[in-house]
Every structure is written in C-alpha cells, then in structure tokens.
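**Student:** See coords-v3.txt below, with compact mmCIF, C-alpha atoms.
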# COMPACT_ATOMS: atom_id res chain seq x y z
CA MET A 22 -43.35 0.29 48.44
CA THR A 23 -42.67 -0.97 51.98
CA SER A 24 -41.03 1.69 54.15
CA VAL A 25 -37.52 1.07 55.44
CA PRO A 26 -37.47 0.53 59.22
CA ASP A 27 -34.78 2.15 61.35
CA VAL A 28 -32.45 -0.47 62.83
CA PHE A 29 -29.71 1.99 63.80
CA ASP A 30 -31.03 3.69 66.95
CA PRO A 31 -29.31 1.89 69.85
CA ARG A 32 -32.14 2.73 72.26
CA GLN A 33 -34.57 0.34 70.58
CA TYR A 34 -32.29 -2.61 71.39
CA ALA A 35 -32.92 -2.07 75.10
CA ALA A 36 -36.43 -3.38 74.41
CA GLY A 37 -35.18 -6.35 72.39
CA VAL A 38 -33.58 -7.20 69.07
CA PRO A 39 -35.91 -5.83 66.33
CA TYR A 40 -36.42 -9.12 64.51
CA ASP A 41 -39.67 -7.97 62.86
CA ALA A 42 -37.84 -4.99 61.35
CA TYR A 43 -35.05 -7.26 60.21
CA ARG A 44 -37.58 -9.47 58.42
CA VAL A 45 -39.00 -6.46 56.57
CA LEU A 46 -35.50 -5.51 55.47
CA ARG A 47 -34.61 -9.05 54.35
CA ASP A 48 -37.82 -9.40 52.36
CA HIS A 49 -38.01 -5.94 50.78
CA HIS A 50 -34.74 -4.01 51.35
CA PRO A 51 -31.90 -6.53 51.84
CA VAL A 52 -29.32 -3.77 51.38
CA ALA A 53 -31.02 -0.71 52.85
CA ARG A 54 -29.93 2.86 53.36
CA GLN A 55 -30.02 3.87 57.04
CA ASP A 56 -29.86 7.35 58.49
CA GLU A 57 -27.26 7.85 61.19
CA HIS A 58 -28.95 10.46 63.31
CA GLU A 59 -27.71 12.18 66.45
CA VAL A 60 -28.55 10.11 69.50
CA LEU A 61 -27.47 9.99 73.15
CA GLY A 62 -25.11 12.89 72.66
CA TRP A 63 -23.27 11.27 69.76
CA PRO A 64 -23.28 13.38 66.59
CA ALA A 65 -25.04 12.48 63.36
CA GLY A 66 -23.09 10.61 60.68
CA PRO A 67 -23.34 10.17 56.91
CA GLY A 68 -25.48 7.03 57.04
CA PHE A 69 -24.74 3.48 55.93
CA TRP A 70 -25.99 0.42 54.08
CA ALA A 71 -27.62 -2.23 56.31
CA VAL A 72 -27.00 -5.79 55.01
CA THR A 73 -29.50 -8.25 56.48
CA ARG A 74 -29.65 -11.43 54.35
CA HIS A 75 -27.37 -14.31 55.29
CA ALA A 76 -25.80 -14.75 51.85
CA ASP A 77 -24.99 -11.05 51.56
CA VAL A 78 -23.59 -10.88 55.10
CA VAL A 79 -21.27 -13.81 54.35
CA ARG A 80 -20.24 -12.24 51.05
CA VAL A 81 -19.28 -8.97 52.74
CA LEU A 82 -17.39 -10.70 55.55
CA LYS A 83 -15.41 -12.91 53.16
CA ASP A 84 -14.55 -10.24 50.58
CA SER A 85 -12.07 -8.04 52.45
CA ALA A 86 -10.70 -6.64 49.20
CA THR A 87 -14.04 -4.98 48.44
CA TYR A 88 -15.33 -4.46 51.97
CA SER A 89 -12.46 -3.18 54.09
CA SER A 90 -12.03 -3.28 57.86
CA TYR A 91 -9.07 -0.90 57.56
CA ILE A 92 -10.42 2.13 55.70
CA GLY A 93 -12.87 3.27 58.38
CA ALA A 94 -12.45 0.58 61.08
CA THR A 95 -15.32 -1.66 62.20
CA GLN A 96 -17.70 0.47 64.29
CA ILE A 97 -20.75 2.11 62.70
CA ARG A 98 -19.84 5.61 63.85
CA ASP A 99 -16.82 7.11 62.15
CA PRO A 100 -13.82 7.57 64.44
CA ASP A 101 -12.22 10.96 64.78
CA PRO A 102 -9.80 11.33 61.83
CA ASP A 103 -6.97 12.00 64.31
CA ASP A 104 -7.70 8.68 66.05
CA LEU A 105 -8.00 6.56 62.91
CA PRO A 106 -4.26 5.72 62.50
CA PHE A 107 -4.23 4.51 66.11
CA ILE A 108 -7.43 2.47 65.74
CA ARG A 109 -6.12 0.85 62.55
CA ARG A 110 -3.28 -0.76 64.52
CA MET A 111 -5.73 -3.27 65.98
CA MET A 112 -5.98 -6.63 64.19
CA LEU A 113 -9.76 -6.29 64.04
CA ASN A 114 -9.36 -3.12 61.98
CA GLN A 115 -6.89 -4.46 59.42
CA ASP A 116 -7.20 -6.31 56.12
CA PRO A 117 -5.13 -9.19 54.73
CA PRO A 118 -2.23 -9.68 54.37
CA GLY A 119 -1.23 -7.57 57.40
CA GLN A 120 -4.16 -8.88 59.41
CA GLY A 121 -3.05 -12.45 58.70
CA ARG A 122 0.42 -11.82 60.17
CA LEU A 123 -1.05 -10.52 63.43
CA ARG A 124 -3.56 -13.35 63.57
CA ARG A 125 -0.79 -15.95 63.23
CA LEU A 126 1.20 -14.29 66.01
CA VAL A 127 -1.64 -14.31 68.51
CA SER A 128 -2.69 -17.82 67.45
CA ARG A 129 0.58 -19.09 68.91
CA ALA A 130 -0.70 -18.07 72.32
CA PHE A 131 -4.35 -19.01 71.77
CA THR A 132 -3.70 -22.72 71.25
CA PRO A 133 -6.44 -25.36 71.61
CA ARG A 134 -4.24 -27.19 74.15
CA ARG A 135 -4.08 -24.12 76.38
CA VAL A 136 -7.79 -23.46 75.99
CA ASP A 137 -8.78 -27.06 76.70
CA ARG A 138 -6.71 -27.01 79.89
CA PHE A 139 -9.22 -24.51 81.26
CA GLU A 140 -12.20 -26.86 81.06
CA ARG A 141 -11.68 -28.21 84.57
CA VAL A 142 -11.10 -24.68 85.94
CA ALA A 143 -14.22 -23.39 84.18
CA GLN A 144 -16.27 -26.31 85.50
CA GLU A 145 -15.27 -25.63 89.11
CA ARG A 146 -15.93 -21.93 88.63
CA ALA A 147 -19.39 -22.51 87.13
CA ARG A 148 -20.27 -24.96 89.89
CA THR A 149 -19.19 -22.53 92.62
CA LEU A 150 -21.00 -19.54 91.11
CA LEU A 151 -24.22 -21.50 90.60
CA THR A 152 -24.07 -22.80 94.17
CA HIS A 153 -23.72 -19.27 95.46
CA ALA A 154 -26.60 -18.17 93.23
CA LEU A 155 -28.84 -20.84 94.73
CA GLU A 156 -27.86 -19.75 98.23
CA ALA A 157 -28.72 -16.16 97.34
CA ALA A 158 -32.06 -17.23 95.87
CA ARG A 159 -33.05 -19.00 99.09
CA THR A 160 -33.03 -15.66 100.89
CA ALA A 161 -34.94 -13.90 98.09
CA ASP A 162 -38.03 -16.07 97.47
CA GLY A 163 -36.15 -18.27 95.01
CA THR A 164 -35.19 -15.36 92.76
CA VAL A 165 -31.69 -14.35 91.66
CA ASP A 166 -30.10 -12.16 88.99
CA LEU A 167 -27.99 -14.66 87.05
CA VAL A 168 -25.95 -11.90 85.38
CA GLY A 169 -24.78 -10.41 88.66
CA ALA A 170 -24.50 -13.74 90.43
CA VAL A 171 -23.04 -15.96 87.70
CA THR A 172 -22.38 -14.93 84.12
CA ASP A 173 -20.45 -11.66 84.55
CA ASP A 174 -17.95 -13.24 86.94
CA TYR A 175 -17.80 -16.48 84.96
CA ALA A 176 -16.74 -14.75 81.74
CA LEU A 177 -14.42 -12.30 83.49
CA LEU A 178 -12.55 -14.83 85.64
CA ASN A 179 -12.12 -17.34 82.83
CA LEU A 180 -10.60 -14.66 80.61
CA ALA A 181 -8.34 -13.45 83.44
CA ASP A 182 -7.05 -16.99 83.91
CA LEU A 183 -6.33 -17.39 80.21
CA LEU A 184 -4.55 -14.03 79.98
CA GLY A 185 -2.70 -14.46 83.27
CA VAL A 186 -4.12 -11.36 85.00
CA PRO A 187 -3.45 -11.39 88.77
CA GLU A 188 -6.51 -11.86 90.95
CA ALA A 189 -6.24 -8.38 92.49
CA ASP A 190 -6.49 -6.75 89.05
CA ARG A 191 -9.35 -8.71 87.54
CA LYS A 192 -12.13 -6.18 88.11
CA LEU A 193 -10.18 -3.82 85.86
CA LEU A 194 -11.07 -6.08 82.91
CA LEU A 195 -14.78 -5.64 83.57
CA HIS A 196 -14.39 -1.88 84.01
CA TRP A 197 -12.60 -1.54 80.66
CA THR A 198 -15.11 -3.80 78.92
CA GLN A 199 -18.07 -1.79 80.19
CA ARG A 200 -16.43 1.48 79.17
CA VAL A 201 -15.64 0.35 75.62
CA ILE A 202 -18.55 -1.97 74.82
CA GLY A 203 -21.31 -0.21 76.77
CA TYR A 204 -20.44 3.32 75.72
CA GLN A 205 -23.95 3.90 74.30
CA ASP A 206 -25.57 2.89 77.60
CA PRO A 207 -25.38 5.50 80.39
CA ASP A 208 -25.66 2.76 83.05
CA GLU A 209 -22.60 0.94 81.72
CA ALA A 210 -20.35 3.74 80.50
CA GLY A 211 -20.77 6.15 83.39
CA PRO A 212 -20.47 9.92 82.90
CA GLN A 213 -19.76 10.83 79.29
CA VAL A 214 -16.26 12.21 78.67
CA LEU A 215 -16.35 15.32 76.46
CA ASP A 216 -13.61 16.98 74.43
CA GLY A 217 -12.83 20.72 74.30
CA GLN A 218 -15.71 21.31 71.88
CA GLY A 219 -18.22 19.50 74.09
CA ARG A 220 -18.32 16.39 71.89
CA PRO A 221 -18.20 12.87 73.40
CA VAL A 222 -14.80 11.20 73.25
CA ASN A 223 -14.64 7.84 71.47
CA PRO A 224 -13.93 5.11 74.07
CA ARG A 225 -11.48 3.55 71.58
CA SER A 226 -9.42 6.75 71.28
CA PRO A 227 -5.83 6.86 72.58
CA ALA A 228 -6.84 9.18 75.42
CA MET A 229 -9.48 6.76 76.70
CA LEU A 230 -7.26 3.68 76.42
CA ARG A 231 -4.17 5.14 78.07
CA ASP A 232 -4.75 3.40 81.41
CA MET A 233 -5.43 0.01 79.80
CA PHE A 234 -2.31 0.22 77.65
CA ALA A 235 -0.15 1.24 80.61
CA TYR A 236 -1.42 -1.80 82.49
CA ALA A 237 -0.70 -4.06 79.48
CA ARG A 238 2.93 -2.87 79.43
CA GLN A 239 3.29 -3.46 83.18
CA LEU A 240 1.77 -6.93 82.93
CA ALA A 241 4.04 -7.86 80.00
CA ALA A 242 7.10 -6.72 81.92
CA HIS A 243 5.99 -8.84 84.88
CA LYS A 244 5.49 -11.88 82.64
CA ARG A 245 9.00 -11.50 81.23
CA ARG A 246 10.42 -11.67 84.76
CA PHE A 247 7.98 -14.28 86.07
CA PRO A 248 6.73 -16.36 83.12
CA ASP A 249 3.71 -18.62 83.46
CA ASP A 250 1.53 -20.79 81.22
CA ASP A 251 -0.77 -18.05 79.97
CA VAL A 252 -1.43 -15.93 76.88
CA MET A 253 0.31 -12.77 78.11
CA THR A 254 3.49 -14.70 78.89
CA THR A 255 3.57 -16.06 75.33
CA LEU A 256 2.90 -12.64 73.79
CA ALA A 257 5.43 -10.89 76.04
CA HIS A 258 8.18 -13.28 74.92
CA ASP A 259 7.35 -13.08 71.19
CA ALA A 260 10.23 -11.22 69.55
CA GLU A 261 8.15 -10.58 66.40
CA LEU A 262 5.53 -8.62 68.35
CA ALA A 263 6.10 -4.90 68.79
CA ASP A 264 5.12 -3.32 72.12
CA SER A 265 2.36 -1.34 70.39
CA GLU A 266 0.98 -4.56 68.88
CA LEU A 267 1.04 -6.29 72.26
CA GLU A 268 -0.96 -3.42 73.76
CA MET A 269 -3.55 -3.72 71.01
CA PHE A 270 -3.78 -7.48 71.51
CA PHE A 271 -4.39 -6.97 75.22
CA PHE A 272 -7.16 -4.51 74.37
CA LEU A 273 -8.75 -6.87 71.84
CA LEU A 274 -8.55 -9.97 74.04
CA THR A 275 -9.79 -8.11 77.10
CA VAL A 276 -12.79 -6.52 75.44
CA ALA A 277 -13.77 -9.06 72.77
CA GLY A 278 -12.72 -12.09 74.84
CA ASN A 279 -14.73 -10.99 77.83
CA ASP A 280 -17.86 -9.64 76.17
CA THR A 281 -18.45 -12.52 73.77
CA VAL A 282 -19.19 -14.93 76.62
CA ARG A 283 -20.52 -12.18 78.89
CA SER A 284 -23.26 -11.49 76.30
CA ALA A 285 -23.86 -15.00 74.99
CA ALA A 286 -24.16 -16.78 78.35
CA PRO A 287 -27.17 -14.92 79.80
CA GLY A 288 -28.80 -14.90 76.36
CA GLY A 289 -28.55 -18.68 76.23
CA LEU A 290 -29.88 -19.13 79.77
CA LEU A 291 -32.79 -16.81 79.00
CA ALA A 292 -33.64 -18.79 75.86
CA LEU A 293 -33.66 -22.05 77.84
CA ALA A 294 -35.82 -20.50 80.56
CA GLU A 295 -38.30 -19.22 77.99
CA HIS A 296 -38.43 -22.64 76.30
CA PRO A 297 -38.86 -25.10 79.20
CA GLU A 298 -39.53 -28.01 76.84
CA SER A 299 -36.14 -27.43 75.20
CA TYR A 300 -34.45 -27.16 78.59
CA GLU A 301 -36.01 -30.46 79.61
CA ARG A 302 -34.79 -32.11 76.41
CA LEU A 303 -31.31 -30.90 77.22
CA ARG A 304 -31.46 -32.08 80.82
CA THR A 305 -32.67 -35.55 79.83
CA GLY A 306 -30.02 -35.95 77.13
CA GLU A 307 -32.38 -35.80 74.15
CA ALA A 308 -30.49 -32.73 72.92
CA GLU A 309 -26.69 -32.72 72.80
CA LEU A 310 -24.61 -29.90 74.23
CA PRO A 311 -22.44 -29.03 71.20
CA ALA A 312 -25.47 -28.54 68.95
CA THR A 313 -27.27 -26.72 71.76
CA VAL A 314 -24.42 -24.24 72.16
CA ASP A 315 -24.53 -23.36 68.46
CA GLU A 316 -28.30 -23.02 68.39
CA LEU A 317 -28.23 -20.73 71.42
CA LEU A 318 -25.52 -18.68 69.70
CA ARG A 319 -27.72 -18.44 66.60
CA TRP A 320 -30.68 -17.46 68.76
CA HIS A 321 -28.79 -14.85 70.79
CA PRO A 322 -25.64 -13.77 68.94
CA PRO A 323 -23.33 -11.76 71.20
CA VAL A 324 -22.48 -9.30 68.40
CA LEU A 325 -25.31 -7.60 66.51
CA THR A 326 -23.41 -5.70 63.83
CA PHE A 327 -20.01 -5.05 62.28
CA ARG A 328 -19.05 -2.32 59.86
CA ARG A 329 -16.96 -2.44 56.69
CA THR A 330 -16.15 0.33 54.18
CA ALA A 331 -16.41 -0.14 50.42
CA ALA A 332 -12.92 0.04 48.91
CA ALA A 333 -14.31 0.50 45.38
CA ASP A 334 -17.61 1.00 43.60
CA THR A 335 -19.54 -2.26 43.75
CA GLU A 336 -23.01 -3.79 43.72
CA LEU A 337 -24.72 -5.86 46.41
CA ALA A 338 -28.24 -7.29 46.13
CA GLY A 339 -28.91 -4.97 43.23
CA ARG A 340 -27.85 -1.79 45.05
CA ARG A 341 -25.01 0.38 43.81
CA ILE A 342 -22.50 1.02 46.57
CA ARG A 343 -19.89 3.73 46.14
CA ALA A 344 -16.28 3.62 47.27
CA GLY A 345 -16.14 5.04 50.81
CA ASP A 346 -19.71 4.03 51.71
CA LYS A 347 -20.21 2.35 55.08
CA VAL A 348 -21.57 -1.20 54.82
CA VAL A 349 -22.88 -2.75 58.06
CA VAL A 350 -23.66 -6.46 58.38
CA PHE A 351 -26.41 -7.51 60.79
CA HIS A 352 -25.47 -10.86 62.31
CA ALA A 353 -28.70 -11.25 64.26
CA SER A 354 -30.75 -10.79 61.09
CA ALA A 355 -28.63 -13.24 59.09
CA ASN A 356 -29.17 -15.83 61.83
CA ARG A 357 -32.95 -15.64 61.31
CA ASP A 358 -32.90 -15.68 57.49
CA GLU A 359 -35.65 -18.00 56.22
CA ARG A 360 -33.61 -18.54 53.04
CA VAL A 361 -31.04 -20.49 55.07
CA PHE A 362 -32.72 -21.67 58.29
CA THR A 363 -35.90 -23.73 58.37
CA ASP A 364 -38.40 -22.20 60.80
CA PRO A 365 -35.77 -19.74 62.07
CA ASP A 366 -37.94 -18.31 64.85
CA ARG A 367 -38.16 -21.72 66.52
CA LEU A 368 -35.48 -22.73 69.03
CA ASP A 369 -34.26 -26.13 67.81
CA LEU A 370 -31.45 -27.54 69.96
CA SER A 371 -30.83 -30.28 67.38
CA ARG A 372 -30.63 -27.92 64.40
CA ALA A 373 -28.24 -29.23 61.74
CA PRO A 374 -26.71 -27.83 59.73
CA ASN A 375 -26.46 -24.53 61.60
CA PRO A 376 -24.38 -22.04 59.59
CA HIS A 377 -24.94 -19.11 61.96
CA VAL A 378 -22.61 -16.12 61.69
CA SER A 379 -22.43 -15.29 65.39
CA PHE A 380 -18.64 -15.63 65.27
CA GLY A 381 -18.39 -13.90 61.89
CA ASP A 382 -16.90 -15.40 58.73
CA GLY A 383 -13.94 -14.88 56.45
CA PRO A 384 -10.53 -13.61 57.56
CA HIS A 385 -11.92 -12.05 60.75
CA VAL A 386 -13.80 -15.11 62.03
CA CYS A 387 -13.54 -15.06 65.83
CA LEU A 388 -10.13 -16.22 67.00
CA GLY A 389 -11.52 -17.20 70.41
CA ALA A 390 -14.54 -19.16 69.16
CA HIS A 391 -13.15 -22.44 70.52
CA PHE A 392 -12.64 -20.89 73.97
CA ALA A 393 -16.10 -19.30 73.92
CA ARG A 394 -17.84 -22.54 72.94
CA LEU A 395 -15.98 -24.43 75.67
CA GLN A 396 -17.05 -21.94 78.32
CA LEU A 397 -20.68 -21.97 77.19
CA ARG A 398 -20.76 -25.76 77.02
CA VAL A 399 -19.42 -26.03 80.57
CA LEU A 400 -21.77 -23.38 81.94
CA TYR A 401 -24.91 -24.91 80.44
CA ARG A 402 -23.87 -28.39 81.61
CA GLU A 403 -23.42 -27.16 85.17
CA ALA A 404 -26.65 -25.14 85.04
CA MET A 405 -28.58 -28.27 84.09
CA ARG A 406 -27.25 -30.03 87.19
CA ALA A 407 -27.65 -27.14 89.61
CA LEU A 408 -30.88 -25.60 88.33
CA PRO A 409 -33.51 -28.21 87.41
CA VAL A 410 -36.09 -25.42 87.35
CA LEU A 411 -35.22 -22.25 85.44
CA ARG A 412 -37.91 -19.70 84.67
CA PRO A 413 -37.95 -15.92 84.25
CA ALA A 414 -38.81 -13.83 87.31
CA GLY A 415 -39.26 -10.70 85.24
CA PRO A 416 -38.07 -9.16 82.00
CA PRO A 417 -34.32 -8.98 81.44
CA GLU A 418 -32.63 -5.59 81.38
CA ARG A 419 -30.91 -5.21 78.03
CA LEU A 420 -27.96 -3.12 76.96
CA VAL A 421 -28.55 0.10 75.02
CA SER A 422 -26.41 -0.82 72.03
CA ASN A 423 -26.65 -1.48 68.30
CA PHE A 424 -23.33 -3.37 68.51
CA ILE A 425 -23.45 -5.84 71.42
CA ASN A 426 -26.48 -8.00 72.27
CA GLY A 427 -25.95 -7.51 75.99
CA ILE A 428 -28.08 -8.38 79.00
CA LYS A 429 -27.41 -6.30 82.13
CA SER A 430 -29.64 -8.26 84.51
CA LEU A 431 -31.50 -11.56 84.27
CA PRO A 432 -33.92 -12.17 87.16
CA MET A 433 -34.72 -15.87 87.42
CA HIS A 434 -36.73 -18.22 89.62
CA VAL A 435 -34.33 -21.08 90.34
CA THR A 436 -34.59 -24.25 92.43
Now, as a test, write the supplied structure out as structure tokens.
**Tutor:**
Amino acid sequence: MTSVPDVFDPRQYAAGVPYDAYRVLRDHHPVARQDEHEVLGWPAGPGFWAVTRHADVVRVLKDSATYSSYIGATQIRDPDPDDLPFIRRMMLNQDPPGQGRLRRLVSRAFTPRRVDRFERVAQERARTLLTHALEAARTADGTVDLVGAVTDDYALLNLADLLGVPEADRKLLLHWTQRVIGYQDPDEAGPQVLDGQGRPVNPRSPAMLRDMFAYARQLAAHKRRFPDDDVMTTLAHDAELADSELEMFFFLLTVAGNDTVRSAAPGGLLALAEHPESYERLRTGEAELPATVDELLRWHPPVLTFRRTAAADTELAGRRIRAGDKVVVFHASANRDERVFTDPDRLDLSRAPNPHVSFGDGPHVCLGAHFARLQLRVLYREAMRALPVLRPAGPPERLVSNFINGIKSLPMHVT
C-alpha cells in the first residue's frame, strides 16, 4: 500500500507546491486522512480529509448542504470556539440561503460596469510600474524583484481604487493582508501575538481585526458625507446592510481582493519566464490573452486549499466521512488532475476547455473573478510590451503557507 504523503505542513510550500505528493494522493488516496500536527507555534488539531481529485473537489464545493462553510469556517485550523460566532458573520463562512443574501448585496457594488471602468486605470498603473522596474534594473545589472517593484503595488492600488480608499491609507491594506494571509510565515506576519496562556492568537479573531473594522466604519462614514463612484460608497449607502456586515465585507474585499491578484500575478510572470517559448507565442499573438490568463491561473492558483465541515455522515471516493469531520479541498491538485486535463504538467496557453478551480466553484465561486481576470490580462499585456526578455535571475522566495500560493520575491533579468 502506498504511504500517504503529508500535504499539511505549511513549511514545505516555501520550497514549492508539492505536485508529486498531490499525484500520489490522486492516484492512491483521493480522499486521504491528514495529521494536523503542531507547527510554527500553532497547536495540533484533530486532522482532516484531503480531497485532491478534480471531480471530488467540485462535488464538495457545490454541495454546501453536506459540506458546510458555516459549521467550522473555511480555514484548516479550527478557530477558537469563542471566536467562531464572530467569524461566521463573514459571507465566506456562511451557507445558502444566508450566504446568497449577502452575495446579492455586495454584487450591487461589484458590478461589471464599475470593474471595466478600471481597465484604463490599471493599464496606466501597470505601464508606470513596469517602466520604473526597468529603470531600477538598469542600475542593478538588469535584475529586478518584480514582486517588490510591480505586482504588490499593482494589486494593492487597483483594489484601493475600486474600494475608494484614500491614497494616504493604502499601505494599511497591504499590512492587513500580510497579517491575515501570511500568518504562518514569520517574515510576513511579524512577531506572533500570544494570548494569556501563551497560545498564538488567530489573525481572524475580533481582537486582531479591531483596527481594520474601526477603519472600515470611519471610511463608511466618510463615504456617506462625500460619496464617490466606488464600492465602499455603494455599501455605505445600502440600507439593507448592517454595520457589522459592512465591516465584514471590507475585511473580505481587502484581504481576498488584494491577495488573489497579489499571488496570481507573480506566479503567472514566473511561469512565462520559465517557459520562454510560451512567452514568445504570447508576444507574437499566437496565444490569446484570455486563454493565457486562465491557463496561468490553472498553473499557479492563488489559493491552495479551502476547508469545509461535514454536516452529516457521508461518503466521498469510497471513504466514510463522519459529521463534524474537516474536509479540505486542494485546488492546486485538482488543477493538475490527469482525469480532466490532458498533459496537465505542460503549460498550454491555448488550453481549451480549461475547467480549473482556481476561483472555486458552487455558491462560493469568487465574486471578484471578473476583476481579477481583468487585472491579470492588463498586466500581462503591458509586460509583453515593456519586457521582451523575461528570465529568472534566481529562485523565487515563496510564502510559508498551506492556504495561499504566495511569492514574496521574484528576481528577474529584464530588458
């Protein structure tokens, strides 16, 4: 019997996504029990089921009645029981029909018309950042870190424009994102905050989000007095939206809206740099941008995993799952499933169809997928024009995380 590889430990993801381990799981243990050991100061947990085949991942994501986002929220580690009622207020951690009501409310603000209006702004921003990156490279032997020079600011400033965050406050968005998303990585999260018993405090707990929520209330009050054409103005004037719901939306849009593009963009640029023949096909027009964006999302999904909790006894891929068990879907594994994708370990910018699950599926499919695709399309288009040569200048520095497929630095030779 083939042994079950560990795909939980967040430290291994700093070396790269464990695709070989995923393949072993898909082939021999498609729904596999994983130990949830103590690591990086975070206590051990009860363990979970890792779901790695595409069909099973889609089944879990679509069946919210059986696999709940609400019971235990959506992170692998269990939240503190005292924090759970607070965490459940977020749309991401709810099930239909309540989740549908919140999704409809925020959809009023997240309209395609408003998103499309940002294409020109995003284009100018990408062009400016890439120009500055080239200038920096000229003083450093043609080498530049594209995360620090381009992609972090690109994602952050686009999101700030959409939300309507004043320019002076925009670095706060990055600070909050790093604290919440990068909590497993000492470089991103900073000093670990401990409770009275010496245990690390969940970055999604009320205590750790107090400053973000206070800012959300202040920003909403400002938008009521001085409305503008942005998402926070729409939310602040929505009579159906409680103040507590508005705060949670600000949290969700700030963290998820920023980190989706912040993780996907450098991953896509790295893939193009490592596949120069594909980059050349894109630059010469042989490959089209919309299909390229989706293939790069399949290749480097921004989110690695999401957790659900079994609401009742059930069976998945022949394994008995008990009510209350944690069930974790592995997006990056599903995107390389040979049962769905022909030659999945080959980057194919013309791949069609391409049913990747990088934006999820079912009732929680990413609300900002249209905005994310637009930003990535614009960035890659401008990169093609500004950077005819794009090749790695060293290995990327990856985020310590079993949740987000992050890249902290991306040294590149550019001309």
**Student:** Could you pull the residues within 6 Å of range 22-33 of chain A, counting all atoms listed in the file, minus those fewer than 2 positions along the same chain, as a list in words?
**Tutor:**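 Everything that qualifies: Ala35, Ala36, Ala42, Val421, Ser422 and Asn423 of chain A.
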**Student:** Could those residues be written to a file, using C-alpha atoms, as a CSV table (one decimal), in the frame of the given file?
**Tutor:**
chain,number,residue,atom,x,y,z
A,35,ALA,CA,-32.9,-2.1,75.1
A,36,ALA,CA,-36.4,-3.4,74.4
A,42,ALA,CA,-37.8,-5.0,61.4
A,421,VAL,CA,-28.6,0.1,75.0
A,422,SER,CA,-26.4,-0.8,72.0
A,423,ASN,CA,-26.6,-1.5,68.3
**Student:** Measuring atom to atom with all atoms listed in the file, identify which of A:Gly415, A:Gly62, A:Gly278, A:Gly217 is nearest to Phe131 in chain A.
**Tutor:**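 Smallest distance to Phe131 in chain A is found for A:Gly278.
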**Student:** Skipping near chain neighbours, those fewer than 5 positions away, what residues fall within 8 Å of range 260-266 of chain A using only C-alpha atoms, listed as JSON, numbers by chain?
**Tutor:** {"A": [110, 111, 126, 238]}
**Student:** So that I can check the surroundings of Leu325 in chain A, please list as JSON, numbers by chain every protein, DNA and RNA residue that reaches within 7 Å of it, counting all atoms listed in the file and ignoring chain neighbours fewer than 6 positions away.
**Tutor:** {"A": [351, 352, 353, 423, 424, 425, 426]}
**Student:** Any idea what's packed within 7 Å of Val52 in chain A, counting all atoms listed in the file, ignoring anything in its chain fewer than 5 positions away? Could you give it as a PyMOL selection string?
**Tutor:** chain A and resi 70-73+338+340
**Student:** How would the residues just chosen look if you wrote them out with C-alpha atoms as a PDB file, in the coordinates of the input?
**Tutor:**
ATOM      1  CA  TRP A  70     -25.990   0.420  54.080  1.00  0.00           C
ATOM      2  CA  ALA A  71     -27.620  -2.230  56.310  1.00  0.00           C
ATOM      3  CA  VAL A  72     -27.000  -5.790  55.010  1.00  0.00           C
ATOM      4  CA  THR A  73     -29.500  -8.250  56.480  1.00  0.00           C
ATOM      5  CA  ALA A 338     -28.240  -7.290  46.130  1.00  0.00           C
ATOM      6  CA  ARG A 340     -27.850  -1.790  45.050  1.00  0.00           C
TER       7      ARG A 340
END
**Student:** Could you check which of A:Leu180, A:Leu310, A:Val378, A:Leu61 is closest to Thr326 in chain A, using all atoms listed in the file?
**Tutor:** A:Val378
**Student:** For a cut-off of 12 Å around (-29.1, -29.2, 81.9), file coordinates, pick out all residues using only C-alpha atoms and list them as an MDAnalysis selection string.
**Tutor:** chainID A and resid 289:290 293:294 297:310 313:314 398:411
**Student:** From the list A:Glu295, A:His258, A:Ser90, A:His377, which residue is nearest Pro416 in chain A when using all atoms listed in the file?
**Tutor:**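 Result for the nearest residue to Pro416 in chain A: A:Glu295.
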**Student:** Could you work out how far CA of His75 in chain A lies from CA of Leu113 in chain A, giving the answer in Å with one decimal?
**Tutor:**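 Going from CA of Leu113 in chain A over to CA of His75 in chain A, I get 21.2 Å.
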**Student:** Mind giving me the straight-line distance from CA of Asp369 in chain A to CA of Pro323 in chain A in Å, one decimal?
**Tutor:**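 Computed distance, CA of Asp369 in chain A to CA of Pro323 in chain A, equals 18.4 Å.
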**Student:** Counting all atoms listed in the file, which of A:Val171, A:Asp358, A:Glu336, A:Trp63 gets nearest to Arg220 in chain A?
**Tutor:** A:Trp63
**Student:** In terms of the shortest atom-to-atom distance over only C-alpha atoms, which of A:Lys347, A:His296, A:His391, A:Arg98 is closest to Thr132 in chain A?
**Tutor:**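 Selected residue with least distance to Thr132 in chain A: A:His391.
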**Student:** Find the residue from A:Cys387, A:Ala147, A:Val186, A:Val45 that sits nearest to Thr172 in chain A; use only C-alpha atoms when measuring.
**Tutor:**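 Result for the nearest residue to Thr172 in chain A: A:Ala147.
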**Student:** What does the distance from CA of Thr436 in chain A to CA of Ala170 in chain A come to in Å, to one decimal?
**Tutor:**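 It comes out at 14.7 Å.
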